[in-house]
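Structure first, commentary second.
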Amino acid sequence: MARLVGESGSVAGKEWRIEVGVTVGREAHNTIAMPDNKKCSRDHCKVWKESVGKYSIADLGSTNGTLVNDDKISRQPLVDGDEIRIGEAVLRFVLDEDEKPKKKEAPQRMAELLRSGAGGDAGAAADAGPAAKGAPGAAAAGSAMPTIEVKQRVLQYQKKSAGGSVAGWDLGQASSGTRWLMILVAVGVAVGLFLLVKSMIAGG
């Protein structure tokens, strides 16, 4: 529940709870009567509750007007701590704790987690030392990066200096079975060439 607290003038030191609404004026029928306030109209203004935590104030066509935080108003919502000036009197609008807007704890908690996470990463990097900072791939050590692994490659294309490409045998990257097959093929070719040359010599 909210309340109006008198700060100066004839209302100083008094307060009124706003259960539904209150009226302010010089006449005695008002909730807050100010018979000695010469600049206060007979029915000066009213303050009422619209919903939980929401209150408004409206001027009732007073002669000298109603000021909220030194601004003349006709009607507007009130915020906790607003100063209401009515002639020579000043009232303070105070909103009780049970009606104040609740703080959004989830975003605040998330911000704290983000801050603590960033601090933890920075501390780990500092503990790792300059060697870890400068090591290639150190930044990606903690994340799963897709890798392409070539398990077997028989032909390797190498670019010739004059242009074009040539196919060469890369036995170092072939499997053991493939290497033995290549060796047998090479031996067979060599034997065949030897026999061919031998037969040509014999025939000549």
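Chain labels run A, B, ... following the order of the structure tokens; each chain numbers its residues from 1, and ligands are numbered from 1 in the order shown.
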
Shell around Glu88 in chain A at 9 Å using only C-alpha atoms, local window under 6 positions removed, as a PyMOL selection string
chain A and resi 8-10+37-40

Using the chain letters and numbers from this document, which residues of range 42-107 of chain A does DSSP assign to strand (DSSP E), as a PyMOL selection string?
chain A and resi 45-51+54-59+66-68+71-73+75-78+83-86+89-95

Of the listed residues A:Ala89, A:Gly81, A:Leu193, A:Met34, that which approaches Arg3 in chain A most closely, counting only C-alpha atoms
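Of all the options, A:Gly81 lies closest to Arg3 in chain A.
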
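CA of Leu181 in chain A is found 22.4 Å from CA of Leu196 in chain A.
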
Near Lys72 in chain A, counting only C-alpha atoms, which residues have an atom at most 12 Å away, once you skip same-chain residues fewer than 2 positions from it, shown as a PyMOL selection string?
chain A and resi 45+57-59+61-70+74-76+83-87

For the selection you just gave me, I'd like the residues written to a file as a short mmCIF file (atom, residue, chain, number, x, y, z; two decimals), in the first residue's frame, keeping N, CA, C and O atoms.
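Result written to part-v8.cif:
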data_model
loop_
_atom_site.label_atom_id
_atom_site.label_comp_id
_atom_site.auth_asym_id
_atom_site.auth_seq_id
_atom_site.Cartn_x
_atom_site.Cartn_y
_atom_site.Cartn_z
N CYS A 45 -7.30 18.40 -5.37
CA CYS A 45 -6.82 17.29 -6.18
C CYS A 45 -7.19 15.97 -5.52
O CYS A 45 -7.66 15.95 -4.38
N ILE A 57 -2.56 10.75 -9.89
CA ILE A 57 -3.01 12.00 -9.27
C ILE A 57 -3.68 12.85 -10.34
O ILE A 57 -3.28 12.82 -11.51
N ALA A 58 -4.71 13.59 -9.95
CA ALA A 58 -5.40 14.46 -10.89
C ALA A 58 -5.78 15.76 -10.19
O ALA A 58 -6.20 15.75 -9.03
N ASP A 59 -5.60 16.87 -10.89
CA ASP A 59 -6.04 18.17 -10.38
C ASP A 59 -7.54 18.31 -10.62
O ASP A 59 -8.06 17.89 -11.66
N GLY A 61 -9.37 21.01 -11.02
CA GLY A 61 -9.70 22.35 -11.51
C GLY A 61 -9.38 23.43 -10.49
O GLY A 61 -10.10 24.44 -10.40
N SER A 62 -8.30 23.21 -9.74
CA SER A 62 -7.93 24.18 -8.70
C SER A 62 -7.48 25.51 -9.32
O SER A 62 -7.08 25.57 -10.48
N THR A 63 -7.52 26.55 -8.51
CA THR A 63 -7.13 27.89 -8.97
C THR A 63 -5.63 28.00 -9.19
O THR A 63 -5.18 28.54 -10.20
N ASN A 64 -4.86 27.51 -8.26
CA ASN A 64 -3.40 27.65 -8.33
C ASN A 64 -2.66 26.42 -8.87
O ASN A 64 -1.45 26.45 -9.03
N GLY A 65 -3.42 25.36 -9.14
CA GLY A 65 -2.84 24.19 -9.75
C GLY A 65 -2.15 23.25 -8.76
O GLY A 65 -1.87 23.61 -7.62
N THR A 66 -1.91 22.04 -9.23
CA THR A 66 -1.21 21.01 -8.47
C THR A 66 0.13 20.74 -9.14
O THR A 66 0.19 20.52 -10.35
N LEU A 67 1.20 20.75 -8.34
CA LEU A 67 2.54 20.53 -8.89
C LEU A 67 3.09 19.18 -8.42
O LEU A 67 2.99 18.84 -7.24
N VAL A 68 3.64 18.45 -9.36
CA VAL A 68 4.34 17.20 -9.05
C VAL A 68 5.78 17.38 -9.51
O VAL A 68 6.04 17.57 -10.70
N ASN A 69 6.68 17.35 -8.55
CA ASN A 69 8.11 17.61 -8.84
C ASN A 69 8.29 18.94 -9.57
O ASN A 69 9.02 19.05 -10.56
N ASP A 70 7.53 19.96 -9.08
CA ASP A 70 7.60 21.34 -9.58
C ASP A 70 7.00 21.51 -10.97
O ASP A 70 7.15 22.58 -11.59
N SER A 74 -2.25 17.96 -14.84
CA SER A 74 -3.70 17.81 -14.83
C SER A 74 -4.05 16.40 -14.35
O SER A 74 -4.92 16.21 -13.53
N ARG A 75 -3.30 15.44 -14.90
CA ARG A 75 -3.43 14.05 -14.43
C ARG A 75 -2.19 13.29 -14.89
O ARG A 75 -1.73 13.46 -16.02
N GLN A 76 -1.65 12.46 -13.99
CA GLN A 76 -0.48 11.66 -14.36
C GLN A 76 -0.24 10.57 -13.32
O GLN A 76 -0.69 10.67 -12.17
N GLU A 83 7.19 14.36 -5.33
CA GLU A 83 6.83 15.46 -4.43
C GLU A 83 5.60 16.16 -4.98
O GLU A 83 5.58 16.58 -6.13
N ILE A 84 4.58 16.26 -4.15
CA ILE A 84 3.32 16.91 -4.54
C ILE A 84 3.21 18.22 -3.78
O ILE A 84 3.17 18.23 -2.55
N ARG A 85 3.14 19.32 -4.52
CA ARG A 85 3.03 20.64 -3.88
C ARG A 85 1.64 21.20 -4.11
O ARG A 85 1.18 21.33 -5.25
N ILE A 86 0.97 21.55 -3.01
CA ILE A 86 -0.37 22.12 -3.06
C ILE A 86 -0.33 23.42 -2.26
O ILE A 86 -0.38 23.40 -1.02
N GLY A 87 -0.21 24.53 -2.94
CA GLY A 87 -0.09 25.81 -2.25
C GLY A 87 1.14 25.83 -1.36
O GLY A 87 2.26 25.63 -1.82
#

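Our summary of the geometry notes that CA of Asp71 in chain A is positioned 18.5 Å from CA of Gly6 in chain A.
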
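Interatomic distance, CA of Glu7 in chain A against CA of Asn30 in chain A: 18.6 Å.
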
Contacts of Arg17 in chain A at 8 Å or less, counting only C-alpha atoms, minus same-chain residues fewer than 6 places along, as number ranges by chain?
A: 1-4

Given the selection you just returned, output its residues as a file containing all heavy atoms, formatted as a CSV table (one decimal), in the first residue's frame.
chain,number,residue,atom,x,y,z
A,1,MET,N,0.8,-1.2,0.0
A,1,MET,CA,0.0,0.0,0.0
A,1,MET,C,0.9,1.2,0.0
A,1,MET,O,2.0,1.3,0.6
A,1,MET,CB,-0.9,0.0,1.2
A,1,MET,CG,-2.0,1.1,1.2
A,1,MET,SD,-3.0,1.0,2.7
A,1,MET,CE,-3.7,-0.6,2.5
A,2,ALA,N,0.4,2.3,-0.7
A,2,ALA,CA,1.1,3.6,-0.7
A,2,ALA,C,0.6,4.5,0.3
A,2,ALA,O,-0.5,4.3,0.9
A,2,ALA,CB,1.0,4.2,-2.1
A,3,ARG,N,1.3,5.6,0.5
A,3,ARG,CA,0.9,6.6,1.5
A,3,ARG,C,1.4,8.0,1.0
A,3,ARG,O,2.3,8.1,0.3
A,3,ARG,CB,1.3,6.3,2.9
A,3,ARG,CG,2.8,6.2,3.1
A,3,ARG,CD,3.2,5.7,4.4
A,3,ARG,NE,4.6,5.8,4.7
A,3,ARG,CZ,5.5,4.9,4.4
A,3,ARG,NH1,5.1,3.8,3.6
A,3,ARG,NH2,6.8,5.0,4.7
A,4,LEU,N,0.7,9.0,1.6
A,4,LEU,CA,1.1,10.4,1.4
A,4,LEU,C,1.7,10.9,2.7
A,4,LEU,O,1.0,10.8,3.8
A,4,LEU,CB,0.0,11.3,0.9
A,4,LEU,CG,-0.6,11.0,-0.5
A,4,LEU,CD1,-1.8,11.9,-0.7
A,4,LEU,CD2,0.5,11.3,-1.5

Choose the residue, out of A:Arg115, A:Lys49, A:His44, A:His29, that has the smallest atom-to-atom separation from Leu95 in chain A; count only C-alpha atoms.
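Ranked by minimum distance to Leu95 in chain A, first place goes to A:Lys49.
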